[in-house]
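Only one structure is covered here, and it is reproduced in the block below.
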Amino acid sequence: MGNTLAIIGMALLGLSLIYVLYRTIIGNPVSRRVVFVYVAFAAGLPLFMDLLPPVHVTPDVQALVDALEELPPNSKILAAFDYDPPSAPELQPMAEAFFKMAFKNDLDVIVMGLWPQGPQQADQAIAAALLDPDVQAMNPQYGIDYVNLGFQSGNEFVIQRMGSGFKAMFSRDQRQTPYDSIPVLQNIVNFSNIDFVMNFSAGKPGTVEWVQFAVDRFGATLGAGNTAVQAPQIYPYLRANQMVGLLGGMSGAAEFEKALGMPGAGSTMLLSQISTHAIVILFIIIGNTAYFRTRKRKNG
Amino acid sequence: MKRTIPWIITIVTGFVLVIAEFVPPWGKMREDVLIYFQIISVFAFFLGGGSLLKINLQKVFSKRTDWEYALVTVVGFFVMLALGLFKLGNPEMATAGYAADLNANGSWFKNLFDAVKAPLSASMYSLLAFFIASASYRAFRAKNSDATVLLVSAFIILMGQTFVGVVATGWMPDWVSFFKVENLSLWLLAKANLAGQRAILIGIALGIVSMSLRVILGIERTHLSGGDE
């Protein structure tokens with residue numbers, strides 16, 4: 001019932017834009033408050049629909065998934081969480097899918113953050129992943145299968161010093177357990193003992209710094225998930241083969257989930273983002289149609 | 001004197017970091033410099049906290065416009081600080097004492113972060129969607145050739161993000177598949193954007209090198225302003 005009403009609501013919303021077009025053409029554009037209402041409905045109504053939009057997995061996402069899936073059990077992954085709650089709607093679905101994949105494939109994950117709230121975002125993602133029945137069947141244990149080393153201040157210099165030794169930067173984990181007493185960290189000295197670095201980034205310090213220091217200096221293999229705003233800045237590093245793959249924004253999260261066969265928040269929220277994009281596109285068309293009509297009238 | 005000592009520190013630090021890159025025996029000195037940097041960066045948190053308190057308390061006590069918001073900031077600052085430092089309401093406090101996990105399940109710190117900080121921050125950021133839509137409608141016009149290129153690029157990227165755009169060009173045969181919206185969108189991101197980003201990156205890198213040299217050699221001293229010789 002809610003699904004049908006939401007679809008009808010979306011159709012009415014689209015049709016009502018004809019009136020907005022008419023008003024704009026006659027030189028009486030709607031106020032910004034009306035635009036806000038349209039965006040609110042465009043973002044909100046899809047949340048009541050149980051539709052999943054068609055998702056096409058791009059080569060950059062598939063390359064990252066392939067690299068992760070190829071890792072043998074008990075491989076060590078360093079997961080750097082360099083974002084905070086404002087970017088969580090885009091990056092959290094990626095993080096949740098990543099932990100589900102890692103736990104199902106019996107990979108060992110070492111979490112850290114160059115942003116103060118990053119490790120807390122990781123805790124939330126781990127908690128969400130642990131609700132998955134397939135993950136519960138694997139029964140991942142803190143300290144044995146994963147560990148959260150917490151936040152360390154110093155931006156890219158933290159990465160640089162980790163090249164000499166992780167212990168120098170993280171003498172204890174987030175639960176105050178000494179580095180040497182944590183089973184999953186046994187034999188982990190520096191990047192040479194890490195099979196893959198996964199970075200979730202919303203800015204600086206983030207993916208660029210991981211490329212410049214962990215990849216270029218210490219030879220780490222890097223994959224990353226970025227916000228949609230930041231992703232275009234990362235392409236030069238991706239095309240130079242300094243990274244194996246990239247997830248960009250919520251569509252990247254949905255592609256990641258599809259490629260892993262684990263639909264989650266990224267796939268369900270994507271419809272909301274798509275309809276908001278569609279509204280923005282339509283408003284651009286309306287605004288420009290009115291602009292050219294007005295200009296033609298003035299010139300005529 | 002207030003400028004001379006920081007200037008000497010800058011020169012020594014700069015030279016150590018550059019030379020250590022090429023002379024392995026200097027690696028230990030580089031490690032030391034990085035440790036100093038990290039210690040200093042921790043103090044930036046104290047400085048930031050102090051600055052936040054100073055500005056907001058001044059606003060509260062002088063009852064300036066919107067002082068109520070400043071009060072909420074100060075209260076929020078002290079509440080989270082107290083919960084984090086003293087582990088108040090932390091279920092692990094009884095067994096682990098002050099070594100308890102800050103994010104232990106059920107701790108007040110974690111609950112406030114999950115239920116207040118995270119949704120509020122995400123909500124604030126999501127307001128951008130409303131302003132972008134409004135700006136697109138009122139100001140995003142193809143007024144000249146530059147604006148038209150920008151508009152068409154943005155349009156293709158946006159269309160590539162929606163399945164409407166993918167469906168709209170889905171009928172195209174394979175030999176013109178390049179012109180399908182999703183492929184055009186990818187081309188813009190991975191080729192046109194790439195070329196522009198590389199040019200910007202190389203320009204920035206050259207600028208950083210020249211500015212770093214000026215700072216290390218003491219030619220550029222504006223970052224030391226604020227004190228007398």
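Residue numbers start at 1 in each chain; chains themselves are named A, B, ... in the order of the structure tokens; ligands are numbered from 1 in the order shown.
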
Residues of chain A within 6 Å of chain B, counting only C-alpha atoms, what are they? List them as a ChimeraX atom specification.
/A:32,35-36,85-86,154,175-176,235-236,274,280,283-284,287-288

Enumerate as a JSON list (two decimals) with N, CA and C atoms, in the first residue's frame all residues of stretch 227-282 of chain A assigned to strand (DSSP E) by DSSP on the backbone, naming them with the chain letters and numbers the document uses.
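Written file, out_33.json:
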[["chain", "number", "residue", "atom", "x", "y", "z"],
["A", 245, "GLY", "N", 41.25, -0.06, -7.21],
["A", 245, "GLY", "CA", 39.84, 0.23, -7.51],
["A", 245, "GLY", "C", 39.32, 1.35, -6.66],
["A", 246, "LEU", "N", 38.14, 1.84, -7.06],
["A", 246, "LEU", "CA", 37.56, 2.99, -6.36],
["A", 246, "LEU", "C", 36.05, 2.89, -6.31],
["A", 247, "LEU", "N", 35.49, 3.16, -5.14],
["A", 247, "LEU", "CA", 34.04, 3.25, -4.98],
["A", 247, "LEU", "C", 33.71, 4.73, -4.82],
["A", 248, "GLY", "N", 32.87, 5.25, -5.70],
["A", 248, "GLY", "CA", 32.56, 6.69, -5.64],
["A", 248, "GLY", "C", 31.13, 6.96, -5.22]]

Close residues, stretch 143-153 of chain A itself excluded, 7 Å, only C-alpha atoms, min 2 positions apart in chain, as number ranges by chain
A: 108-116, 119, 140-141, 155, 170, 172-174, 182-184; B: 38, 41-42

Hey, can you check how far atom CA of A:Asn226 sits from atom CA of A:Ala43?
21.5 Å

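Closest approach to A:Arg297 from the set A:Met198, A:Ile25, A:Ala259, A:Leu47 is made by A:Ile25, with distances taken over only C-alpha atoms.
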
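Shortest separation to A:Pro205 among A:Tyr179, A:Tyr142, A:Met101, A:Tyr83 occurs at residue A:Tyr83, atoms counted being only C-alpha atoms.
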
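Atom CA of B:Ala168 is found 8.6 Å from atom CA of B:Lys180.
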
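Atom CA of B:Ala115 sits 14.2 Å away from atom CA of A:Gln117.
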
Show me, as a list in words, the residues that have an atom within 10 Å of A:Ser267 when counting only C-alpha atoms, minus same-chain residues fewer than 6 positions from it.
Leu51, Leu52, Pro53, Pro54, Val55, Pro93, Met250, Ser251, Gly252, Ala253, Ala254, Glu255, Phe256, Glu257 and Lys258 of chain A

Could you go through stretch 7-219 of chain B and tell me which residues DSSP, when run on the backbone, assigns to alpha helix (DSSP H), listing them as a ChimeraX atom specification?
/B:7-22,27-61,67-85,93-96,108-112,118-139,145-161,163-168,181-187,193-216
